[in-house]
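Text of the file protein_14.tsv, holding TSV, C-alpha atoms:
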chain	number	residue	atom	x	y	z
K	1	MET	CA	81.84	125.33	132.87
K	2	LEU	CA	81.89	121.77	134.13
K	3	SER	CA	80.32	121.58	137.57
K	4	THR	CA	82.67	120.75	140.42
K	5	SER	CA	80.71	117.65	141.29
K	6	LEU	CA	81.00	116.34	137.71
K	7	ARG	CA	84.75	117.04	137.70
K	8	VAL	CA	85.16	115.20	141.01
K	9	ALA	CA	83.07	112.27	139.72
K	10	ILE	CA	85.18	112.09	136.54
K	11	LEU	CA	88.39	112.21	138.58
K	12	ILE	CA	87.22	109.38	140.83
K	13	GLY	CA	86.12	107.43	137.74
K	14	ILE	CA	89.54	107.89	136.15
K	15	ILE	CA	91.34	106.80	139.33
K	16	VAL	CA	89.27	103.58	139.42
K	17	TYR	CA	89.83	103.16	135.67
K	18	TYR	CA	93.59	103.46	135.98
K	19	PHE	CA	93.63	101.24	139.05
K	20	ILE	CA	91.89	98.44	137.11
K	21	LEU	CA	94.02	98.96	134.00
K	22	ILE	CA	97.31	98.87	135.91
K	23	MET	CA	96.19	95.86	137.94
K	24	LEU	CA	95.34	93.92	134.75
K	25	LEU	CA	98.62	94.99	133.16
K	26	ARG	CA	100.63	93.86	136.21
K	27	GLN	CA	98.86	90.49	136.21
K	28	LYS	CA	99.69	90.27	132.49
K	29	ARG	CA	96.03	89.83	131.62
K	30	LEU	CA	96.35	92.74	129.21
K	31	THR	CA	99.07	93.22	126.61
K	32	LEU	CA	100.52	96.71	126.80
K	33	LYS	CA	100.47	97.01	123.01
K	34	TYR	CA	96.68	96.76	122.95
K	35	THR	CA	96.21	98.91	126.08
K	36	LEU	CA	98.02	102.04	124.94
K	37	LEU	CA	94.82	103.50	123.47
K	38	TRP	CA	93.00	102.94	126.77
K	39	LEU	CA	95.81	104.62	128.73
K	40	PHE	CA	95.90	107.53	126.32
K	41	SER	CA	92.12	108.06	126.40
K	42	GLY	CA	92.17	108.05	130.21
K	43	LEU	CA	94.99	110.59	130.25
K	44	MET	CA	93.04	112.86	127.93
K	45	MET	CA	89.96	112.70	130.16
K	46	LEU	CA	92.14	113.44	133.19
K	47	ILE	CA	93.67	116.54	131.62
K	48	LEU	CA	90.29	117.81	130.39
K	49	SER	CA	88.58	117.38	133.75
K	50	VAL	CA	91.41	119.16	135.58
K	51	PHE	CA	91.68	121.97	132.99
K	52	PRO	CA	88.15	122.25	131.52
K	53	GLN	CA	89.06	125.62	129.95
K	54	LEU	CA	90.87	123.55	127.28
K	55	LEU	CA	87.38	122.57	126.08
K	56	ASN	CA	86.44	126.19	125.32
K	57	GLY	CA	88.07	126.16	121.88
K	58	ILE	CA	86.18	123.03	120.81
K	59	THR	CA	82.81	124.17	122.19
K	60	ARG	CA	83.07	127.48	120.36
K	61	LEU	CA	84.33	125.91	117.13
K	62	LEU	CA	81.60	123.25	116.96
K	63	GLY	CA	78.83	125.40	118.43
K	64	ILE	CA	78.32	123.06	121.38
K	65	GLN	CA	76.45	124.78	124.23
K	66	LEU	CA	77.75	122.82	127.20
K	67	GLN	CA	81.33	121.92	128.00
K	68	SER	CA	80.13	118.60	129.41
K	69	ASN	CA	78.70	117.70	126.00
K	70	ALA	CA	82.05	118.43	124.34
K	71	LEU	CA	83.70	116.19	126.91
K	72	PHE	CA	81.25	113.36	126.19
K	73	ALA	CA	81.72	113.83	122.45
K	74	ILE	CA	85.49	113.44	122.86
K	75	LEU	CA	84.99	110.41	125.08
K	76	PHE	CA	82.66	108.88	122.46
K	77	PHE	CA	85.23	109.53	119.74
K	78	CYS	CA	87.96	107.83	121.80
K	79	THR	CA	85.67	104.82	122.31
K	80	MET	CA	85.03	104.57	118.57
K	81	ILE	CA	88.77	104.63	117.84
K	82	ILE	CA	89.35	101.88	120.42
K	83	LEU	CA	86.55	99.75	118.94
K	84	MET	CA	87.94	100.18	115.45
K	85	SER	CA	91.38	99.12	116.62
K	86	LEU	CA	89.80	96.05	118.23
K	87	THR	CA	88.10	95.11	114.95
K	88	SER	CA	91.40	95.52	113.17
K	89	ILE	CA	93.14	93.30	115.74
K	90	ILE	CA	90.41	90.64	115.38
K	91	SER	CA	90.74	90.71	111.59
K	92	LYS	CA	94.49	90.23	111.83
K	93	GLN	CA	94.08	87.35	114.27
K	94	ASN	CA	91.39	85.81	112.06
K	95	GLU	CA	93.83	85.76	109.14
K	96	ALA	CA	96.60	84.32	111.34
K	97	ILE	CA	94.32	81.58	112.69
K	98	LYS	CA	93.13	80.70	109.19
K	99	GLN	CA	96.71	80.29	108.00
K	100	LEU	CA	97.59	78.19	111.05
K	101	VAL	CA	94.58	75.91	110.51
K	102	GLN	CA	95.51	75.42	106.85
K	103	TYR	CA	99.15	74.79	107.67
K	104	THR	CA	98.17	72.29	110.37
K	105	ALA	CA	95.95	70.41	107.91
K	106	LEU	CA	98.76	70.19	105.34
K	107	LEU	CA	101.19	68.99	108.02
K	108	GLU	CA	98.68	66.48	109.42
K	109	LYS	CA	98.36	64.92	105.97
K	110	ARG	CA	102.14	64.58	105.64
K	111	VAL	CA	102.41	63.00	109.09
K	112	ARG	CA	99.58	60.59	108.27
K	113	GLU	CA	101.30	59.57	105.03
K	114	ILE	CA	104.68	59.08	106.75
K	115	GLU	CA	103.07	56.96	109.51
K	116	SER	CA	101.15	54.78	107.06
K	117	CYS	CA	104.39	54.03	105.20
K	118	GLY	CA	105.60	52.20	108.32
K	119	ASP	CA	102.55	49.90	108.41
I	120	MET	CA	99.69	68.24	82.65
I	121	LYS	CA	99.24	67.48	86.35
I	122	ILE	CA	95.63	68.17	87.28
I	123	LEU	CA	94.21	68.26	90.81
I	124	VAL	CA	90.52	68.22	91.67
I	125	ILE	CA	89.88	70.03	94.97
I	126	ILE	CA	86.73	68.78	96.67
I	127	PRO	CA	85.57	70.95	99.60
I	128	ALA	CA	83.37	68.89	101.93
I	129	TYR	CA	81.40	69.83	105.02
I	130	ASN	CA	79.12	67.16	106.49
I	131	GLU	CA	79.04	65.15	103.26
I	132	GLN	CA	79.16	61.57	104.61
I	133	ASP	CA	76.42	60.47	102.16
I	134	ASN	CA	77.91	62.04	99.03
I	135	ILE	CA	81.65	62.10	99.34
I	136	LEU	CA	82.48	58.56	98.15
I	137	ASN	CA	80.11	58.91	95.17
I	138	THR	CA	81.79	62.19	94.24
I	139	ILE	CA	85.26	60.61	94.34
I	140	ASP	CA	84.06	57.56	92.32
I	141	ASP	CA	82.48	59.89	89.76
I	142	ILE	CA	85.82	61.66	89.25
I	143	ASN	CA	87.86	58.44	89.14
I	144	ARG	CA	85.48	56.89	86.62
I	145	HIS	CA	85.28	59.84	84.22
I	146	CYS	CA	88.75	61.33	84.67
I	147	PRO	CA	91.17	58.66	85.98
I	148	GLU	CA	94.12	60.80	84.84
I	149	MET	CA	93.27	63.51	87.36
I	150	ASP	CA	94.30	63.50	91.02
I	151	TYR	CA	91.88	64.64	93.69
I	152	VAL	CA	92.06	65.90	97.26
I	153	VAL	CA	89.09	66.23	99.60
I	154	VAL	CA	89.24	69.15	102.01
I	155	ASN	CA	87.19	68.11	105.03
I	156	ASP	CA	86.20	71.40	106.68
I	157	CYS	CA	85.90	70.00	110.20
I	158	SER	CA	82.70	68.08	109.44
I	159	ARG	CA	80.65	67.07	112.48
I	160	ASP	CA	79.36	63.89	110.82
I	161	ASP	CA	81.33	60.81	109.73
I	162	THR	CA	82.95	62.38	106.66
I	163	GLU	CA	86.46	62.14	108.08
I	164	ARG	CA	86.08	58.55	109.31
I	165	ILE	CA	84.78	57.47	105.89
I	166	LEU	CA	87.70	59.17	104.15
I	167	ARG	CA	90.23	57.62	106.52
I	168	GLU	CA	88.85	54.08	106.42
I	169	ASN	CA	88.60	54.08	102.63
I	170	ARG	CA	92.15	55.48	102.40
I	171	LYS	CA	91.08	58.42	100.29
I	172	ASN	CA	93.37	61.36	99.65
I	173	TYR	CA	92.19	64.10	101.99
I	174	LEU	CA	93.11	67.11	104.08
I	175	SER	CA	91.30	67.63	107.37
I	176	LEU	CA	90.98	71.11	108.90
I	177	PRO	CA	91.09	71.17	112.71
I	178	CYS	CA	88.63	74.14	112.80
I	179	ASN	CA	85.79	75.01	110.47
I	180	LEU	CA	86.99	77.75	108.10
I	181	GLY	CA	84.04	77.90	105.72
I	182	ILE	CA	84.12	77.22	101.99
I	183	GLY	CA	86.69	79.92	101.16
I	184	GLY	CA	89.26	78.83	103.72
I	185	GLY	CA	88.69	75.20	102.76
I	186	VAL	CA	89.14	75.72	99.04
I	187	GLN	CA	92.22	77.87	99.69
I	188	THR	CA	93.75	74.97	101.62
I	189	GLY	CA	93.29	72.89	98.46
I	190	TYR	CA	95.01	75.58	96.39
I	191	ARG	CA	97.91	75.66	98.86
I	192	TYR	CA	98.20	71.89	98.50
I	193	ALA	CA	98.12	72.21	94.69
I	194	ALA	CA	100.79	74.92	94.80
I	195	GLU	CA	102.99	72.84	97.12
I	196	LYS	CA	102.65	69.69	94.99
I	197	GLY	CA	103.38	71.47	91.73
I	198	TYR	CA	100.05	70.97	89.93
I	199	ASP	CA	99.55	72.76	86.61
I	200	ILE	CA	95.77	72.97	86.84
I	201	ALA	CA	93.46	72.90	89.84
I	202	ILE	CA	89.72	72.32	89.66
I	203	GLN	CA	87.17	73.13	92.37
I	204	PHE	CA	84.44	70.54	92.51
I	205	ASP	CA	81.73	70.44	95.20
I	206	GLY	CA	81.56	67.36	97.40
I	207	ASP	CA	77.76	67.45	97.72
I	208	GLY	CA	76.85	65.72	94.44
I	209	GLN	CA	75.75	68.86	92.56
I	210	HIS	CA	78.63	68.71	90.11
I	211	GLU	CA	79.14	66.03	87.45
I	212	ALA	CA	82.61	64.76	86.63
I	213	ARG	CA	81.72	64.03	82.99
I	214	PHE	CA	82.13	67.76	82.31
I	215	LEU	CA	85.62	68.05	83.83
I	216	ARG	CA	87.51	67.44	80.58
I	217	ASP	CA	85.48	70.15	78.83
I	218	LEU	CA	86.24	72.44	81.74
I	219	VAL	CA	90.02	72.08	81.60
I	220	ALA	CA	90.22	72.07	77.77
I	221	PRO	CA	90.54	75.88	77.33
I	222	ILE	CA	93.22	75.99	80.04
I	223	GLU	CA	95.20	73.08	78.59
I	224	ALA	CA	95.04	74.82	75.21
I	225	GLY	CA	96.45	77.97	76.84
I	226	GLU	CA	93.38	79.96	75.81
I	227	ALA	CA	92.24	80.85	79.32
I	228	ASP	CA	93.55	81.28	82.86
I	229	ILE	CA	90.26	80.43	84.52
I	230	ALA	CA	87.35	78.33	83.26
I	231	ILE	CA	83.99	78.47	85.04
I	232	GLY	CA	81.44	75.68	84.69
I	233	SER	CA	78.23	77.48	83.78
I	234	ARG	CA	74.63	76.32	84.05
I	235	PHE	CA	73.24	79.22	82.07
I	236	ILE	CA	74.87	78.85	78.66
I	237	ARG	CA	72.94	75.87	77.33
I	238	ARG	CA	70.31	76.15	80.07
I	239	GLU	CA	70.27	72.42	80.65
I	240	GLY	CA	70.17	70.53	83.93
I	241	PHE	CA	69.09	72.02	87.25
I	242	GLN	CA	68.67	75.77	86.79
I	243	SER	CA	68.35	76.82	90.46
I	244	THR	CA	65.30	78.64	91.82
I	245	GLY	CA	63.90	81.87	90.36
I	246	LEU	CA	64.88	84.08	93.28
I	247	ARG	CA	68.39	82.71	93.37
I	248	ARG	CA	68.74	83.20	89.62
I	249	ALA	CA	67.70	86.84	90.08
I	250	GLY	CA	70.44	87.26	92.69
I	251	ILE	CA	72.99	85.65	90.39
I	252	GLY	CA	71.84	87.95	87.56
I	253	PHE	CA	72.34	91.00	89.76
I	254	LEU	CA	75.87	89.95	90.78
I	255	SER	CA	76.66	89.13	87.17
I	256	GLY	CA	75.60	92.67	86.19
I	257	LEU	CA	77.67	94.16	88.99
I	258	ILE	CA	80.77	92.28	87.84
I	259	LYS	CA	80.15	93.44	84.27
I	260	LEU	CA	79.87	97.01	85.55
I	261	LEU	CA	83.03	96.79	87.66
I	262	CYS	CA	85.30	94.81	85.35
I	263	GLY	CA	83.65	94.85	81.94
I	264	ILE	CA	83.50	91.08	81.64
I	265	ARG	CA	80.25	89.16	81.28
I	266	ILE	CA	80.10	86.00	83.38
I	267	LEU	CA	76.67	84.38	83.59
I	268	ASP	CA	77.13	81.85	86.38
I	269	VAL	CA	79.09	83.91	88.90
I	270	THR	CA	78.29	81.71	91.89
I	271	SER	CA	79.28	78.45	90.22
I	272	GLY	CA	81.62	76.50	92.49
I	273	MET	CA	82.90	74.42	89.58
I	274	ARG	CA	85.94	76.08	88.10
I	275	ALA	CA	89.42	75.32	86.85
I	276	VAL	CA	92.46	77.58	87.11
I	277	ASN	CA	96.00	77.42	85.74
I	278	ARG	CA	99.28	77.49	87.66
I	279	ARG	CA	99.39	81.28	87.83
I	280	PHE	CA	96.07	81.46	89.67
I	281	ILE	CA	96.76	78.39	91.80
I	282	GLU	CA	99.63	80.39	93.24
I	283	GLN	CA	97.53	83.54	93.46
I	284	TYR	CA	94.62	81.84	95.24
I	285	ALA	CA	96.98	79.95	97.56
I	286	VAL	CA	98.12	83.31	98.91
I	287	SER	CA	94.80	85.12	98.94
I	288	TYR	CA	91.25	83.86	98.62
I	289	ALA	CA	87.95	85.34	99.89
I	290	GLN	CA	86.56	83.68	103.00
I	291	ASP	CA	82.79	83.40	103.09
I	292	TYR	CA	80.74	83.22	99.86
I	293	PRO	CA	83.99	83.50	97.87
I	294	GLU	CA	82.90	82.59	94.31
I	295	PRO	CA	81.97	86.02	92.86
I	296	GLU	CA	84.81	87.70	94.74
I	297	ALA	CA	87.35	85.26	93.33
I	298	ILE	CA	86.24	86.28	89.81
I	299	ILE	CA	86.87	89.97	90.50
I	300	ALA	CA	90.18	89.23	92.24
I	301	ALA	CA	91.27	87.39	89.09
I	302	ALA	CA	89.79	89.93	86.69
I	303	VAL	CA	91.74	92.83	88.23
I	304	ARG	CA	94.87	90.73	87.61
I	305	ARG	CA	93.88	90.55	83.95
I	306	ALA	CA	92.90	86.87	83.98
I	307	ARG	CA	91.41	85.46	80.80
I	308	ILE	CA	88.15	83.99	82.08
I	309	VAL	CA	85.89	81.75	80.02
I	310	GLU	CA	82.64	79.96	80.78
I	311	VAL	CA	82.16	76.36	79.79
I	312	PRO	CA	78.63	74.94	79.54
I	313	VAL	CA	77.94	72.24	82.15
I	314	GLU	CA	74.90	70.69	83.74
I	315	MET	CA	74.43	70.52	87.46
I	316	ARG	CA	72.16	68.39	89.59
I	317	GLU	CA	70.00	69.44	92.46
I	318	ARG	CA	71.90	68.64	95.66
I	319	GLN	CA	71.70	64.95	96.56
I	320	GLY	CA	71.73	65.20	100.33
I	321	GLY	CA	73.27	67.25	103.09
I	322	LYS	CA	72.20	70.84	103.61
I	323	SER	CA	72.82	73.97	101.57
I	324	SER	CA	74.85	76.61	103.38
I	325	ILE	CA	72.49	79.39	102.21
I	326	ASN	CA	69.07	79.93	103.81
I	327	PRO	CA	66.52	82.75	103.21
I	328	VAL	CA	67.72	84.82	106.19
I	329	ARG	CA	71.32	84.62	105.09
I	330	SER	CA	70.58	85.50	101.49
I	331	VAL	CA	69.99	89.21	102.27
I	332	TYR	CA	73.25	89.31	104.20
I	333	TYR	CA	74.82	87.42	101.30
I	334	MET	CA	73.76	89.96	98.66
I	335	ILE	CA	74.90	92.99	100.71
I	336	LYS	CA	78.17	91.41	101.77
I	337	VAL	CA	79.08	90.13	98.32
I	338	SER	CA	78.15	93.40	96.59
I	339	LEU	CA	80.34	95.40	98.99
I	340	ALA	CA	83.14	92.86	98.69
I	341	LEU	CA	83.02	93.08	94.89
I	342	ILE	CA	83.22	96.88	94.91
I	343	LEU	CA	86.02	96.80	97.47
I	344	ALA	CA	87.94	94.13	95.56
I	345	ARG	CA	87.67	96.18	92.37
I	346	PHE	CA	89.16	99.31	93.91
I	347	SER	CA	91.72	97.84	96.28
I	348	ALA	CA	93.84	96.12	93.66
Would you write out, as structure tokens, the structure that this file holds?
Amino acid sequence: MLSTSLRVAILIGIIVYYFILIMLLRQKRLTLKYTLLWLFSGLMMLILSVFPQLLNGITRLLGIQLQSNALFAILFFCTMIILMSLTSIISKQNEAIKQLVQYTALLEKRVREIESCGD
Amino acid sequence: MKILVIIPAYNEQDNILNTIDDINRHCPEMDYVVVNDCSRDDTERILRENRKNYLSLPCNLGIGGGVQTGYRYAAEKGYDIAIQFDGDGQHEARFLRDLVAPIEAGEADIAIGSRFIRREGFQSTGLRRAGIGFLSGLIKLLCGIRILDVTSGMRAVNRRFIEQYAVSYAQDYPEPEAIIAAAVRRARIVEVPVEMRERQGGKSSINPVRSVYYMIKVSLALILARFSA
């Protein structure tokens, strides 16, 4: 079983976590679209620390000795998913920026040609 | 046929005018456009003051993004053939007519200027040739076509692949990847013997540390490109 002190620590951690997340969301420093995974991971940790018996199935299935280890494994998995989504977002933005830069260069040339006609 | 020579240039203030003169002297019937990839030296000022035909990227995109800008320009302006031609003085314009000949004759979609057919001119260093040989073998394995000079940046493509490359072109170290991308679309690719010079000035974009990264990245990209089409 998870020790009471660990469960309390996780709960406090999650409260702080949600406090920061919601503050950033309210100040519009985070876009909700990209924050859903963070909110979902936090919710999962909250449920698991309140009802640690939900971990029993996973610990038995994977042969993990300690519930806390199963919890950390899940947390690690969530982090990996979030990182992957970040890489995917960066790749998409990279492509968008590249197209913008190219489009700007083509436009700049047209503007330059139009302006030099007036000379 | 309307032919455009795309000249990617990054920090080429010492070479760029010579490159343009070389093309105008040997192939006056061809148009050219320089793609200045946000050079930090005087490349852009030189192009502007000499009223050369150029595109100037507001951010550095690397060779792939730069060349692709040239292909987008070629697509927009309705060119039939586009040629990539380095702005650093390594390529010689006297071979351009040979390069476009198979495309004008309708015998090929893509023509690659190759150093290794007649083995004349600057042959690159031993280690680099070994790397090129490996990539050449990998492309043969993946697509069944034998291209000797897979990293050659001197190549000509017809209208079909101008449009293709305008939409999608590999970003860093794009030359071998562009071959695979074309091969999976059943391009007819030929190699044309050319000579190249050792670079005249400026700095090569590939150093020893990057070459390991280069080989791994390009090999993975080739395999991925083969199986994602």
Could you write out as a list of chain:residue names the residues of chain K within 9 Å of chain I, counting only C-alpha atoms?
K:Lys98, K:Gln99, K:Val101, K:Gln102, K:Tyr103, K:Thr104, K:Ala105, K:Leu106, K:Glu108, K:Lys109
Would you export the selected residues with C-alpha atoms as a PDB file, in the coordinates of the input, please?
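And here is the file that came out, part_24.pdb:
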ATOM      1  CA  LYS K  98      93.130  80.700 109.190  1.00  0.00           C
ATOM      2  CA  GLN K  99      96.710  80.290 108.000  1.00  0.00           C
ATOM      3  CA  VAL K 101      94.580  75.910 110.510  1.00  0.00           C
ATOM      4  CA  GLN K 102      95.510  75.420 106.850  1.00  0.00           C
ATOM      5  CA  TYR K 103      99.150  74.790 107.670  1.00  0.00           C
ATOM      6  CA  THR K 104      98.170  72.290 110.370  1.00  0.00           C
ATOM      7  CA  ALA K 105      95.950  70.410 107.910  1.00  0.00           C
ATOM      8  CA  LEU K 106      98.760  70.190 105.340  1.00  0.00           C
ATOM      9  CA  GLU K 108      98.680  66.480 109.420  1.00  0.00           C
ATOM     10  CA  LYS K 109      98.360  64.920 105.970  1.00  0.00           C
TER      11      LYS K 109
END
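Residues surrounding Leu43 in chain K within 12 Å are Ile10, Leu11, Ile14, Ile15, Tyr17, Tyr18, Leu36, Leu37, Trp38, Leu39, Phe40, Leu46, Ile47, Leu48, Ser49, Val50, Leu75 and Cys78 of chain K [all atoms listed in the file; sequence separation below 3 positions excluded].
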Find the residues near range 223-228 of chain I: any atom within 8 Å, counting all atoms listed in the file, skip ones fewer than 4 places away on the same chain, and give them as a ChimeraX atom specification. /I:120,219,276-277,279-280,306-309
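Atom pair CA of Ile142 in chain I / CA of Arg265 in chain I: separated by 29.2 Å.
When all atoms listed in the file are used to measure the gap to Ser233 in chain I, the shortest distance among I:Val313, I:Ile182, I:Cys262, I:Ala285 belongs to I:Val313.
Environment of (80.8, 116.2, 126.7): residues at most 12 Å away, judged by only C-alpha atoms, are Met1, Leu2, Leu6, Arg7, Ile10, Met45, Leu48, Ser49, Pro52, Leu55, Asn56, Ile58, Thr59, Ile64, Gln65, Leu66, Gln67, Ser68, Asn69, Ala70, Leu71, Phe72, Ala73, Ile74, Leu75, Phe76 and Phe77 of chain K.
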Contacts of Gln132 in chain I at 9 Å or less, counting only C-alpha atoms, minus same-chain residues fewer than 3 places along, as a list in words? Ala128, Tyr129, Ile135, Leu136, Ser158, Asp160, Asp161, Thr162, Glu163, Arg164, Ile165, Leu166 and Gly321 of chain I
Keeping only C-alpha atoms, write the selected residues as a PDB file, keeping the file's coordinate frame.
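To be explicit, this is the file written out as part_24.pdb:
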ATOM      1  CA  ALA I 128      83.370  68.890 101.930  1.00  0.00           C
ATOM      2  CA  TYR I 129      81.400  69.830 105.020  1.00  0.00           C
ATOM      3  CA  ILE I 135      81.650  62.100  99.340  1.00  0.00           C
ATOM      4  CA  LEU I 136      82.480  58.560  98.150  1.00  0.00           C
ATOM      5  CA  SER I 158      82.700  68.080 109.440  1.00  0.00           C
ATOM      6  CA  ASP I 160      79.360  63.890 110.820  1.00  0.00           C
ATOM      7  CA  ASP I 161      81.330  60.810 109.730  1.00  0.00           C
ATOM      8  CA  THR I 162      82.950  62.380 106.660  1.00  0.00           C
ATOM      9  CA  GLU I 163      86.460  62.140 108.080  1.00  0.00           C
ATOM     10  CA  ARG I 164      86.080  58.550 109.310  1.00  0.00           C
ATOM     11  CA  ILE I 165      84.780  57.470 105.890  1.00  0.00           C
ATOM     12  CA  LEU I 166      87.700  59.170 104.150  1.00  0.00           C
ATOM     13  CA  GLY I 321      73.270  67.250 103.090  1.00  0.00           C
TER      14      GLY I 321
END
* To do: Do a neighbour search on Ile299 in chain I at 9 Å with all atoms listed in the file, toss out local chain neighbours closer than 2 positions, and write the hits as JSON, numbers by chain.
  => {"I": [258, 261, 262, 295, 296, 297, 301, 302, 303, 304, 341, 342, 344, 345]}
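Picture a line from CA of Phe253 in chain I to CA of Met273 in chain I; it runs 19.7 Å.
The interatomic distance for the pair CA of Pro327 in chain I and CA of Asp207 in chain I works out to 19.8 Å.
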If we count only C-alpha atoms and set the cut-off at 10 Å, which residues sit around Met334 in chain I, ignoring sequence neighbours fewer than 6 positions away in its own chain? Please answer as a ChimeraX atom specification.
/I:250-251,253-254,292,340
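Proximity of K:Ala9, K:Ile20, K:Leu83, K:Leu61 to Tyr34 in chain K, computed with only C-alpha atoms, is greatest for K:Leu83.
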Provide an axis-aligned box for all listed atoms of range 9-16 of chain K, padding each side by 5 Å; report its centre and its edge lengths in Å to one decimal, as AutoDock Vina command-line options.
--center_x 87.2 --center_y 107.9 --center_z 138.5 --size_x 18.3 --size_y 18.7 --size_z 14.7
Min atom-atom distance to Asp141 in chain I from the set I:Asp217, I:Glu282, I:Asp205, I:Glu239, counting all atoms listed in the file, belongs to I:Asp205
